Structure formats: structure tokens, C-alpha cells
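A.B. asks: As input, take entry_27.cif (mmCIF, C-alpha atoms):
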data_protein
#
loop_
_atom_site.group_PDB
_atom_site.id
_atom_site.type_symbol
_atom_site.label_atom_id
_atom_site.label_comp_id
_atom_site.auth_asym_id
_atom_site.auth_seq_id
_atom_site.Cartn_x
_atom_site.Cartn_y
_atom_site.Cartn_z
ATOM 1 C CA MET A 1 -30.403 -47.713 -33.377
ATOM 2 C CA ILE A 2 -30.068 -51.337 -34.469
ATOM 3 C CA GLY A 3 -27.709 -54.077 -33.342
ATOM 4 C CA LEU A 4 -24.491 -53.157 -31.519
ATOM 5 C CA SER A 5 -25.153 -49.411 -31.840
ATOM 6 C CA SER A 6 -28.206 -49.843 -29.583
ATOM 7 C CA ILE A 7 -26.022 -51.146 -26.737
ATOM 8 C CA TRP A 8 -24.102 -47.919 -25.975
ATOM 9 C CA PRO A 9 -26.913 -46.276 -23.898
ATOM 10 C CA LYS A 10 -26.867 -49.377 -21.691
ATOM 11 C CA LEU A 11 -23.086 -49.202 -21.403
ATOM 12 C CA PHE A 12 -23.397 -45.548 -20.387
ATOM 13 C CA PHE A 13 -25.871 -46.553 -17.692
ATOM 14 C CA LEU A 14 -23.470 -49.200 -16.418
ATOM 15 C CA LEU A 15 -20.728 -46.572 -16.217
ATOM 16 C CA VAL A 16 -22.965 -44.196 -14.263
ATOM 17 C CA PHE A 17 -24.246 -47.044 -12.094
ATOM 18 C CA SER A 18 -20.684 -48.125 -11.284
ATOM 19 C CA GLY A 19 -19.798 -44.596 -10.138
ATOM 20 C CA PHE A 20 -22.864 -44.318 -7.914
ATOM 21 C CA LEU A 21 -22.385 -47.844 -6.555
ATOM 22 C CA THR A 22 -18.766 -47.092 -5.621
ATOM 23 C CA ALA A 23 -19.822 -43.939 -3.759
ATOM 24 C CA PHE A 24 -22.731 -45.799 -2.115
ATOM 25 C CA ILE A 25 -20.497 -48.606 -0.813
ATOM 26 C CA LYS A 26 -17.790 -46.183 0.339
ATOM 27 C CA THR A 27 -20.254 -43.996 2.236
ATOM 28 C CA TRP A 28 -22.016 -46.850 4.006
ATOM 29 C CA SER A 29 -18.667 -48.461 4.822
ATOM 30 C CA GLU A 30 -17.751 -45.286 6.688
ATOM 31 C CA VAL A 31 -21.107 -45.404 8.471
ATOM 32 C CA ALA A 32 -20.497 -49.045 9.448
ATOM 33 C CA ARG A 33 -17.054 -48.122 10.833
ATOM 34 C CA LYS A 34 -18.698 -45.213 12.681
ATOM 35 C CA LYS A 35 -16.601 -42.669 10.793
ATOM 36 C CA ALA A 36 -19.768 -40.985 9.507
ATOM 37 C CA ALA A 37 -23.361 -40.615 10.674
ATOM 38 C CA ALA A 38 -26.429 -41.963 8.885
ATOM 39 C CA THR A 39 -28.184 -38.650 8.293
ATOM 40 C CA GLY A 40 -31.627 -38.161 6.818
ATOM 41 C CA LYS A 41 -30.075 -36.782 3.651
ATOM 42 C CA LEU A 42 -27.917 -39.899 3.297
ATOM 43 C CA LEU A 43 -30.948 -42.143 3.766
ATOM 44 C CA PHE A 44 -32.896 -40.180 1.143
ATOM 45 C CA PHE A 45 -30.170 -40.390 -1.485
ATOM 46 C CA SER A 46 -29.556 -44.050 -0.666
ATOM 47 C CA ALA A 47 -33.238 -44.793 -1.257
ATOM 48 C CA PHE A 48 -33.117 -42.717 -4.441
ATOM 49 C CA PHE A 49 -30.104 -44.655 -5.741
ATOM 50 C CA LEU A 50 -31.531 -48.086 -4.889
ATOM 51 C CA LEU A 51 -34.891 -47.377 -6.506
ATOM 52 C CA TRP A 52 -33.252 -45.766 -9.550
ATOM 53 C CA ALA A 53 -30.955 -48.782 -9.963
ATOM 54 C CA PHE A 54 -33.887 -51.185 -9.535
ATOM 55 C CA MET A 55 -35.959 -49.337 -12.151
ATOM 56 C CA PHE A 56 -33.263 -49.555 -14.809
ATOM 57 C CA ILE A 57 -31.947 -53.017 -13.979
ATOM 58 C CA GLN A 58 -35.402 -54.599 -14.101
ATOM 59 C CA LEU A 59 -35.962 -52.825 -17.451
ATOM 60 C CA PHE A 60 -32.781 -54.386 -18.829
ATOM 61 C CA VAL A 61 -33.791 -57.778 -17.428
ATOM 62 C CA ARG A 62 -37.238 -57.578 -19.063
ATOM 63 C CA GLU A 63 -35.662 -56.602 -22.391
ATOM 64 C CA ALA A 64 -33.176 -59.481 -22.151
ATOM 65 C CA LEU A 65 -36.032 -61.899 -21.380
ATOM 66 C CA PHE A 66 -37.965 -60.537 -24.379
ATOM 67 C CA HIS A 67 -35.043 -61.301 -26.704
ATOM 68 C CA HIS A 68 -34.576 -64.680 -25.024
ATOM 69 C CA ASP A 69 -38.241 -65.509 -25.704
ATOM 70 C CA LEU A 70 -37.883 -64.560 -29.376
ATOM 71 C CA SER A 71 -34.666 -66.535 -29.857
ATOM 72 C CA GLY A 72 -36.166 -69.530 -28.043
ATOM 73 C CA LEU A 73 -39.299 -69.856 -30.178
ATOM 74 C CA ARG A 74 -39.747 -73.334 -31.720
ATOM 75 C CA VAL A 75 -41.989 -74.328 -34.599
ATOM 76 C CA ASP A 76 -43.309 -77.503 -32.949
ATOM 77 C CA THR A 77 -44.706 -75.530 -29.991
ATOM 78 C CA LEU A 78 -46.794 -73.114 -32.115
ATOM 79 C CA LYS A 79 -50.299 -73.770 -33.378
ATOM 80 C CA SER A 80 -50.756 -70.563 -35.386
ATOM 81 C CA VAL A 81 -49.502 -67.018 -35.855
ATOM 82 C CA GLU A 82 -51.930 -64.119 -36.210
ATOM 83 C CA VAL A 83 -50.898 -60.797 -37.746
ATOM 84 C CA GLY A 84 -53.667 -58.216 -37.557
ATOM 85 C CA THR A 85 -56.794 -59.997 -38.818
ATOM 86 C CA ARG A 86 -54.901 -62.635 -40.813
ATOM 87 C CA SER A 87 -53.836 -66.040 -39.547
ATOM 88 C CA ILE A 88 -50.885 -68.248 -40.564
ATOM 89 C CA ASN A 89 -51.540 -71.966 -39.980
ATOM 90 C CA ALA A 90 -49.317 -73.832 -42.436
ATOM 91 C CA PRO A 91 -46.306 -75.359 -40.622
ATOM 92 C CA GLU A 92 -43.844 -74.271 -43.329
ATOM 93 C CA ASP A 93 -45.083 -70.657 -43.156
ATOM 94 C CA ILE A 94 -44.985 -70.687 -39.342
ATOM 95 C CA SER A 95 -41.427 -72.027 -39.568
ATOM 96 C CA LYS A 96 -40.339 -69.039 -41.677
ATOM 97 C CA VAL A 97 -41.926 -66.587 -39.217
ATOM 98 C CA VAL A 98 -40.226 -68.319 -36.280
ATOM 99 C CA ARG A 99 -36.824 -68.206 -37.983
ATOM 100 C CA SER A 100 -37.187 -64.464 -38.650
ATOM 101 C CA LEU A 101 -38.107 -63.882 -34.991
ATOM 102 C CA ASN A 102 -35.216 -66.070 -33.812
ATOM 103 C CA GLU A 103 -32.842 -63.714 -35.656
ATOM 104 C CA ALA A 104 -34.218 -60.551 -34.020
ATOM 105 C CA GLN A 105 -31.643 -57.847 -33.315
ATOM 106 C CA TRP A 106 -31.432 -55.433 -30.406
ATOM 107 C CA PHE A 107 -33.184 -52.147 -31.111
ATOM 108 C CA GLU A 108 -33.130 -48.804 -29.286
ATOM 109 C CA VAL A 109 -35.891 -46.274 -29.950
ATOM 110 C CA ASN A 110 -34.461 -43.010 -31.243
ATOM 111 C CA HIS A 111 -36.957 -41.106 -33.381
ATOM 112 C CA GLY A 112 -39.833 -43.540 -33.963
ATOM 113 C CA GLY A 113 -39.995 -44.051 -37.708
ATOM 114 C CA TRP A 114 -42.236 -47.088 -37.855
ATOM 115 C CA SER A 115 -45.688 -47.356 -39.389
ATOM 116 C CA ALA A 116 -48.998 -48.322 -37.809
ATOM 117 C CA GLU A 117 -48.688 -51.153 -35.318
ATOM 118 C CA VAL A 118 -50.697 -54.347 -35.725
ATOM 119 C CA PRO A 119 -51.030 -57.197 -33.193
ATOM 120 C CA LEU A 120 -48.736 -60.199 -33.599
ATOM 121 C CA ILE A 121 -50.265 -63.079 -31.662
ATOM 122 C CA LEU A 122 -48.421 -66.361 -31.185
ATOM 123 C CA ARG A 123 -50.819 -69.166 -30.249
ATOM 124 C CA PHE A 124 -49.147 -72.196 -28.677
ATOM 125 C CA ARG A 125 -50.304 -75.803 -28.742
ATOM 126 C CA SER A 126 -50.437 -75.692 -24.933
ATOM 127 C CA GLY A 127 -53.359 -73.250 -25.169
ATOM 128 C CA THR A 128 -51.410 -70.151 -24.124
ATOM 129 C CA GLN A 129 -50.700 -67.156 -26.281
ATOM 130 C CA ARG A 130 -48.131 -64.369 -26.450
ATOM 131 C CA THR A 131 -49.041 -60.977 -27.906
ATOM 132 C CA TYR A 132 -46.638 -58.477 -29.418
ATOM 133 C CA HIS A 133 -47.086 -55.577 -31.806
ATOM 134 C CA VAL A 134 -45.298 -55.448 -35.146
ATOM 135 C CA ALA A 135 -44.783 -52.522 -37.516
ATOM 136 C CA TRP A 136 -42.913 -51.744 -40.723
ATOM 137 C CA TYR A 137 -39.723 -49.791 -39.992
ATOM 138 C CA GLN A 138 -38.934 -47.583 -42.969
ATOM 139 C CA TRP A 139 -35.407 -46.557 -41.852
ATOM 140 C CA GLY A 140 -34.128 -50.098 -41.488
ATOM 141 C CA GLN A 141 -36.213 -51.821 -44.193
ATOM 142 C CA GLY A 142 -37.533 -54.400 -41.766
ATOM 143 C CA ALA A 143 -40.027 -54.778 -38.928
ATOM 144 C CA VAL A 144 -40.014 -53.623 -35.318
ATOM 145 C CA VAL A 145 -41.462 -56.074 -32.801
ATOM 146 C CA ILE A 146 -42.753 -54.375 -29.647
ATOM 147 C CA SER A 147 -43.474 -56.014 -26.298
ATOM 148 C CA LYS A 148 -45.488 -54.418 -23.493
ATOM 149 C CA SER A 149 -46.920 -55.844 -20.313
ATOM 150 C CA ASN A 150 -50.572 -55.144 -21.129
ATOM 151 C CA PHE A 151 -50.798 -56.396 -24.730
ATOM 152 C CA ASP A 152 -52.490 -59.601 -23.557
ATOM 153 C CA ASP A 153 -54.881 -57.612 -21.352
ATOM 154 C CA THR A 154 -56.229 -55.227 -24.043
ATOM 155 C CA GLY A 155 -54.709 -52.271 -22.222
ATOM 156 C CA LYS A 156 -56.642 -52.815 -18.986
ATOM 157 C CA ARG A 157 -53.608 -52.492 -16.717
ATOM 158 C CA THR A 158 -50.566 -50.282 -16.506
ATOM 159 C CA SER A 159 -48.352 -50.660 -19.552
ATOM 160 C CA TRP A 160 -44.637 -51.325 -18.962
ATOM 161 C CA SER A 161 -42.310 -51.669 -21.907
ATOM 162 C CA ASN A 162 -40.468 -54.968 -22.247
ATOM 163 C CA GLY A 163 -38.326 -53.648 -25.080
ATOM 164 C CA TYR A 164 -38.097 -53.574 -28.859
ATOM 165 C CA ALA A 165 -36.523 -55.883 -31.424
ATOM 166 C CA PHE A 166 -35.703 -55.432 -35.107
ATOM 167 C CA CYS A 167 -36.432 -58.265 -37.558
ATOM 168 C CA PRO A 168 -35.068 -57.488 -41.045
ATOM 169 C CA LEU A 169 -36.620 -60.553 -42.715
ATOM 170 C CA LEU A 170 -40.076 -60.520 -41.106
ATOM 171 C CA PRO A 171 -41.855 -58.247 -43.670
ATOM 172 C CA THR A 172 -40.618 -60.426 -46.550
ATOM 173 C CA VAL A 173 -41.712 -63.610 -44.769
ATOM 174 C CA LEU A 174 -45.162 -62.187 -44.024
ATOM 175 C CA ALA A 175 -45.526 -60.926 -47.616
ATOM 176 C CA ALA A 176 -44.830 -64.474 -48.862
ATOM 177 C CA SER A 177 -47.852 -65.564 -46.781
ATOM 178 C CA GLY A 178 -49.998 -62.811 -48.301
ATOM 179 C CA ILE A 179 -49.720 -60.416 -45.350
ATOM 180 C CA GLU A 180 -48.510 -56.877 -45.944
ATOM 181 C CA LEU A 181 -47.622 -54.683 -42.974
ATOM 182 C CA PRO A 182 -49.167 -51.181 -43.151
ATOM 183 C CA ARG A 183 -46.735 -48.684 -44.626
ATOM 184 C CA GLU A 184 -48.501 -45.477 -43.555
ATOM 185 C CA LYS A 185 -46.915 -43.757 -40.589
ATOM 186 C CA THR A 186 -49.232 -43.579 -37.605
ATOM 187 C CA GLU A 187 -48.324 -42.783 -34.031
ATOM 188 C CA PRO A 188 -48.611 -45.960 -31.919
ATOM 189 C CA ARG A 189 -50.096 -43.934 -29.069
ATOM 190 C CA THR A 190 -53.027 -42.798 -31.243
ATOM 191 C CA ILE A 191 -53.848 -46.384 -32.149
ATOM 192 C CA GLN A 192 -53.767 -47.427 -28.519
ATOM 193 C CA ALA A 193 -56.078 -44.577 -27.537
ATOM 194 C CA GLU A 194 -58.589 -45.655 -30.174
ATOM 195 C CA GLU A 195 -58.427 -49.308 -29.121
ATOM 196 C CA THR A 196 -58.432 -48.966 -25.346
ATOM 197 C CA GLY A 197 -59.785 -45.483 -24.685
ATOM 198 C CA PRO A 198 -58.163 -42.800 -22.539
ATOM 199 C CA ARG A 199 -56.201 -43.994 -19.538
ATOM 200 C CA SER A 200 -57.887 -43.644 -16.157
ATOM 201 C CA TRP A 201 -56.232 -41.706 -13.355
ATOM 202 C CA ARG A 202 -56.020 -44.927 -11.344
ATOM 203 C CA SER A 203 -53.682 -46.373 -13.966
ATOM 204 C CA ARG A 204 -51.597 -43.172 -13.861
ATOM 205 C CA ILE A 205 -51.027 -43.024 -10.086
ATOM 206 C CA LEU A 206 -48.171 -45.534 -9.911
ATOM 207 C CA PRO A 207 -46.143 -44.054 -12.826
ATOM 208 C CA ILE A 208 -46.713 -40.530 -11.484
ATOM 209 C CA ALA A 209 -45.532 -41.551 -8.004
ATOM 210 C CA ILE A 210 -42.432 -43.368 -9.286
ATOM 211 C CA PHE A 211 -41.342 -40.866 -11.922
ATOM 212 C CA GLY A 212 -42.257 -37.933 -9.689
ATOM 213 C CA PHE A 213 -40.024 -39.262 -6.902
ATOM 214 C CA PHE A 214 -37.058 -39.665 -9.231
ATOM 215 C CA THR A 215 -37.616 -36.311 -10.939
ATOM 216 C CA LEU A 216 -37.835 -34.382 -7.679
ATOM 217 C CA GLY A 217 -34.872 -36.257 -6.217
ATOM 218 C CA ALA A 218 -32.711 -35.548 -9.266
ATOM 219 C CA LEU A 219 -33.716 -31.872 -9.338
ATOM 220 C CA ARG A 220 -32.973 -31.535 -5.625
ATOM 221 C CA PHE A 221 -29.466 -32.920 -6.103
ATOM 222 C CA PHE A 222 -29.046 -30.721 -9.202
ATOM 223 C CA LEU A 223 -29.836 -27.617 -7.142
ATOM 224 C CA GLN A 224 -27.440 -28.734 -4.418
ATOM 225 C CA LEU A 225 -24.670 -29.061 -6.981
ATOM 226 C CA ILE A 226 -25.119 -25.630 -8.507
ATOM 227 C CA LYS A 227 -25.603 -23.950 -5.101
ATOM 228 C CA GLY A 228 -22.496 -25.548 -3.624
ATOM 229 C CA GLU A 229 -24.282 -27.628 -0.984
ATOM 230 C CA THR A 230 -22.554 -30.951 -1.737
ATOM 231 C CA PRO A 231 -19.202 -31.941 -0.169
ATOM 232 C CA GLU A 232 -17.470 -31.601 -3.561
ATOM 233 C CA SER A 233 -18.984 -28.291 -4.580
ATOM 234 C CA LYS A 234 -18.618 -26.567 -1.193
ATOM 235 C CA THR A 235 -14.879 -26.275 -1.733
ATOM 236 C CA LEU A 236 -15.180 -25.493 -5.436
ATOM 237 C CA ARG A 237 -12.173 -23.517 -6.677
ATOM 238 C CA ILE A 238 -10.568 -23.208 -10.076
ATOM 239 C CA SER A 239 -7.381 -24.740 -8.658
ATOM 240 C CA ASP A 240 -9.297 -27.653 -7.154
ATOM 241 C CA VAL A 241 -9.426 -29.738 -10.341
ATOM 242 C CA GLN A 242 -10.716 -32.930 -8.729
ATOM 243 C CA ASN A 243 -13.734 -31.346 -7.043
ATOM 244 C CA ALA A 244 -14.458 -29.262 -10.133
ATOM 245 C CA ALA A 245 -14.438 -32.407 -12.298
ATOM 246 C CA ARG A 246 -16.765 -34.176 -9.884
ATOM 247 C CA THR A 247 -19.187 -31.273 -9.925
ATOM 248 C CA VAL A 248 -19.226 -31.083 -13.725
ATOM 249 C CA LEU A 249 -19.658 -34.851 -14.054
ATOM 250 C CA GLY A 250 -22.419 -34.725 -11.453
ATOM 251 C CA LEU A 251 -24.216 -32.004 -13.403
ATOM 252 C CA VAL A 252 -24.043 -34.053 -16.608
ATOM 253 C CA ILE A 253 -25.356 -37.241 -14.974
ATOM 254 C CA VAL A 254 -28.075 -35.558 -12.908
ATOM 255 C CA SER A 255 -29.229 -33.490 -15.918
ATOM 256 C CA ILE A 256 -29.756 -36.666 -17.948
ATOM 257 C CA ILE A 257 -31.564 -38.410 -15.070
ATOM 258 C CA ALA A 258 -33.803 -35.399 -14.367
ATOM 259 C CA ALA A 259 -34.621 -34.961 -18.069
ATOM 260 C CA GLY A 260 -35.406 -38.646 -18.618
ATOM 261 C CA PHE A 261 -37.658 -39.025 -15.597
ATOM 262 C CA GLY A 262 -39.156 -35.548 -16.030
ATOM 263 C CA LEU A 263 -40.342 -36.399 -19.547
ATOM 264 C CA ARG A 264 -41.818 -39.673 -18.304
ATOM 265 C CA LEU A 265 -43.597 -37.798 -15.519
ATOM 266 C CA MET A 266 -45.048 -35.369 -18.083
ATOM 267 C CA TYR A 267 -46.200 -38.292 -20.225
ATOM 268 C CA ALA A 268 -47.791 -40.010 -17.211
ATOM 269 C CA LEU A 269 -49.688 -36.805 -16.444
ATOM 270 C CA PHE A 270 -50.633 -35.518 -19.909
ATOM 271 C CA ASP A 271 -49.763 -38.298 -22.439
ATOM 272 C CA TRP A 272 -47.238 -35.840 -23.915
ATOM 273 C CA PRO A 273 -44.424 -35.538 -24.987
ATOM 274 C CA ASP A 274 -43.009 -38.853 -26.200
ATOM 275 C CA PRO A 275 -40.456 -39.803 -23.488
ATOM 276 C CA THR A 276 -38.686 -42.365 -25.687
ATOM 277 C CA LYS A 277 -37.261 -39.855 -28.174
ATOM 278 C CA LEU A 278 -33.570 -39.295 -27.547
ATOM 279 C CA LEU A 279 -33.817 -35.830 -29.112
ATOM 280 C CA SER A 280 -36.283 -34.719 -26.420
ATOM 281 C CA ILE A 281 -34.126 -36.161 -23.636
ATOM 282 C CA ALA A 282 -30.955 -34.622 -25.076
ATOM 283 C CA SER A 283 -32.572 -31.188 -25.552
ATOM 284 C CA LEU A 284 -33.910 -31.025 -22.001
ATOM 285 C CA SER A 285 -30.631 -32.389 -20.578
ATOM 286 C CA LEU A 286 -28.604 -29.750 -22.428
ATOM 287 C CA ALA A 287 -30.967 -27.018 -21.228
ATOM 288 C CA LEU A 288 -30.522 -28.116 -17.601
ATOM 289 C CA LEU A 289 -26.788 -28.560 -18.050
ATOM 290 C CA GLY A 290 -26.416 -25.157 -19.688
ATOM 291 C CA GLY A 291 -28.329 -23.379 -16.930
ATOM 292 C CA GLY A 292 -26.478 -25.225 -14.185
ATOM 293 C CA SER A 293 -23.095 -24.596 -15.783
ATOM 294 C CA PHE A 294 -23.855 -20.874 -16.022
ATOM 295 C CA VAL A 295 -24.574 -20.709 -12.270
ATOM 296 C CA VAL A 296 -21.455 -22.757 -11.439
ATOM 297 C CA LEU A 297 -19.258 -20.494 -13.597
ATOM 298 C CA ARG A 298 -20.550 -17.465 -11.752
ATOM 299 C CA ARG A 299 -19.620 -19.152 -8.481
ATOM 300 C CA PHE A 300 -16.172 -19.873 -9.914
ATOM 301 C CA ARG A 301 -15.620 -16.177 -10.517
ATOM 302 C CA ARG A 302 -16.783 -15.162 -7.080
ATOM 303 C CA VAL A 303 -14.570 -17.735 -5.329
ATOM 304 C CA SER A 304 -11.515 -16.958 -7.434
#
Could you write out this file's structure as C-alpha cells?
C.D. replies:
Amino acid sequence: MIGLSSIWPKLFFLLVFSGFLTAFIKTWSEVARKKAAATGKLLFFSAFFLLWAFMFIQLFVREALFHHDLSGLRVDTLKSVEVGTRSINAPEDISKVVRSLNEAQWFEVNHGGWSAEVPLILRFRSGTQRTYHVAWYQWGQGAVVISKSNFDDTGKRTSWSNGYAFCPLLPTVLAASGIELPREKTEPRTIQAEETGPRSWRSRILPIAIFGFFTLGALRFFLQLIKGETPESKTLRISDVQNAARTVLGLVIVSIIAAGFGLRLMYALFDWPDPTKLLSIASLSLALLGGGSFVVLRRFRRVS
């Protein structure tokens, strides 16, 4: 998804975040007024919410900073631009590359679709450098610019995504300088494995711990919803529309959270499957939602 269409997943997160934040503030307000007790379960779900919110908010912040860096590039601060093994040194050619990066659009990964990645290294006159990856994107007839935390460290530390950007003019600008982006489709993960070798278990521990915590927490709440162990679902009746709506909405939200973090946990453990594909997330979410809905419907019949 390119441009404005890539914003809707973030808007959905803000909607979900607003709902959780409202419940979080309301619950702890009751605790502060001594109308409710601070139980262990409340502390667990509060920690879950705060860490979940931190994980996503810092991801959005890093992506916003990535786009800010691209839009803030200036020709007079750059010494050269390297794409793969080729270098661009002429000021007029660097200027064209900078302008194409300044016009980068927001991009949300859906189904991959880009070719083999090559390093895009910006060398500044100050002596510093900034490394991205760039690849031809066949669906949008442009280039995808990829930012990760370990690109300047040759993959020696844990890789955290800083986001993606779409530059429609970049392939044309590079071609004018005699640089053609590879057009063959190669999985980025395969290239990284060849360049940096297999990841060590030490580099996997932190992602496994983080994603495992969120996956188990989401699945625990999912089971509580379908078993009727939450305040809303304990009184679940067909006539109780409000509690029924809350339970259904909770199942939808928790299914998406469990699927998203579960896929990332699997990738941290086995380097498979690709956790960025919306089709994988949607399929697993629908499977969880379908199973949970079946159990809830059976409870409906028993109660009624």
C-alpha cells in the first residue's frame, strides 16, 4: 500500500489504542478512589497494555523519523551516494537522487513484490554515513527504500525495522546515472542470510522474550473471553447487547494482536513465516476469530 492507503492500519491501531487507554484510565481511576482493588490480574494486563502500546508507538516514531530524514536530505551535506557497487559523485546527479528521496511516500508492506535489495549508502561531508536498502518495486513502478537498525553494522546486532518508503522517481534517476536496479525477484531474507550468515541464538533472545510475552498474554485474554471469565463475558446473554458487542469486539482485537505477535514469535524462532505479510496475519486472525466465535455461540445457546 502506497501513500494515503498505507495510513489506515495505523488509524486502526489508534482506534484500538484509544479503546484500551480509556479502559486503562477508568480502571485505575477506580483503584485510586478505592472502588476497586489492584489485583495481580489487573497488574498483568496493565503491564501488557503499556508494553504493547510502547512497542507500536516507538515503531511509528521510528518510521516518522525515517521519513523526516529522507525529506530533510540536502545536496550540500552529501559527498557521494553509493548504490550497490556503483558510486555517484557528480553534484548534479546527487541532487537528482536527493530530490527523489525528498519526495518519498509512505509505504506499508502487504505482499512483498520488490526485487533483490541492494545497499544505498549516503556518505556525508561530515564523515558520517547512512545506510538503507533499495529495491525495484514492480507493482508500483518505482523503488522501495528500506531502513533497519543494523544496516550500518553489517547485521551484527538485532535488526529492528525503521519502516519503508516508496520513491516513484528513484529508478529513473539512477538509470540516468548508469545504475540499473536488479529486476529479478529475490527474497530479502535470503540475501541477508548470505551476507551476514545465520542469526545466533543470542540475537534471538530479546525478540523471542518480547513477542512471546505479547503472544501468551493475548492468547490468555482470548481464552478468558471465550470461556466467559471476563466481566463482560460472564453475564453474556443474547438480550445483553452491550456485553455481547464488547465480547465480539474483544475477540476481533485480541485475534489480530495474537496473530501478529504469534507470527513474529515464529519468525524469531525459525526465520519463518514472513510476519510482514498482511495475508498471513489476516488468515491466522480469522482462524482464531472463527474458533473463538464458535465457542461463544455455543455458550449463547446454553445461556439462552
A.B. asks: What would the selection look like, as a ChimeraX atom specification, if the PyMOL selection byres ((chain A and resi 263-267) around 10) were run on the coordinates I just shared?
C.D. replies: /A:204,207-215,258-262,268-277,280-281,284
A.B. asks: Go ahead and write the residues just picked, C-alpha atoms, as a JSON list (two decimals), keeping the file's coordinate frame.
C.D. replies:
[["chain", "number", "residue", "atom", "x", "y", "z"],
["A", 204, "ARG", "CA", -51.60, -43.17, -13.86],
["A", 207, "PRO", "CA", -46.14, -44.05, -12.83],
["A", 208, "ILE", "CA", -46.71, -40.53, -11.48],
["A", 209, "ALA", "CA", -45.53, -41.55, -8.00],
["A", 210, "ILE", "CA", -42.43, -43.37, -9.29],
["A", 211, "PHE", "CA", -41.34, -40.87, -11.92],
["A", 212, "GLY", "CA", -42.26, -37.93, -9.69],
["A", 213, "PHE", "CA", -40.02, -39.26, -6.90],
["A", 214, "PHE", "CA", -37.06, -39.66, -9.23],
["A", 215, "THR", "CA", -37.62, -36.31, -10.94],
["A", 258, "ALA", "CA", -33.80, -35.40, -14.37],
["A", 259, "ALA", "CA", -34.62, -34.96, -18.07],
["A", 260, "GLY", "CA", -35.41, -38.65, -18.62],
["A", 261, "PHE", "CA", -37.66, -39.02, -15.60],
["A", 262, "GLY", "CA", -39.16, -35.55, -16.03],
["A", 268, "ALA", "CA", -47.79, -40.01, -17.21],
["A", 269, "LEU", "CA", -49.69, -36.80, -16.44],
["A", 270, "PHE", "CA", -50.63, -35.52, -19.91],
["A", 271, "ASP", "CA", -49.76, -38.30, -22.44],
["A", 272, "TRP", "CA", -47.24, -35.84, -23.92],
["A", 273, "PRO", "CA", -44.42, -35.54, -24.99],
["A", 274, "ASP", "CA", -43.01, -38.85, -26.20],
["A", 275, "PRO", "CA", -40.46, -39.80, -23.49],
["A", 276, "THR", "CA", -38.69, -42.36, -25.69],
["A", 277, "LYS", "CA", -37.26, -39.85, -28.17],
["A", 280, "SER", "CA", -36.28, -34.72, -26.42],
["A", 281, "ILE", "CA", -34.13, -36.16, -23.64],
["A", 284, "LEU", "CA", -33.91, -31.02, -22.00]]
A.B. asks: From the set A:Leu21, A:Val98, A:Val83, A:Leu120, which residue has the shortest atom-to-atom contact distance to Trp52 (chain A), counting only C-alpha atoms?
C.D. replies: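 That would be A:Leu21, the residue with the smallest distance to Trp52 (chain A).
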A.B. asks: Select all residues near (-52.2, -56.6, -48.5) (cut-off 12 Å, inclusive, file coordinates), counting all atoms listed in the file, and output them as number ranges by chain.
C.D. replies: A: 83-86, 171, 174-183
A.B. asks: Given all atoms listed in the file as the basis, pick out the residue of A:Ile253, A:Leu51, A:Asp69, A:Ser161 nearest to Leu286 (chain A).
C.D. replies: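 Of the candidates, the smallest distance to Leu286 (chain A) is held by A:Ile253.
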A.B. asks: Of the candidates A:Ala32, A:Val254, A:Ala64, A:Leu43, which shows the shortest atom-to-atom distance to Leu219 (chain A), using all atoms listed in the file?
C.D. replies: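 So, comparing all the options, the nearest one is A:Val254.
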A.B. asks: Looking at A:Arg123, A:Phe56, A:Arg299, A:Gly113, which one is nearest to Trp139 (chain A), with distances taken over only C-alpha atoms?
C.D. replies: A:Gly113
A.B. asks: Take CA of Ala116 (chain A) and CA of Gly163 (chain A) and report the distance between them in Å, one decimal.
C.D. replies: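 Computing the Euclidean distance for CA of Ala116 (chain A) and CA of Gly163 (chain A) yields 17.4 Å.
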A.B. asks: Report, in Å to a single decimal, how far apart CA of Val252 (chain A) and CA of Arg302 (chain A) are.
C.D. replies: 22.4 Å
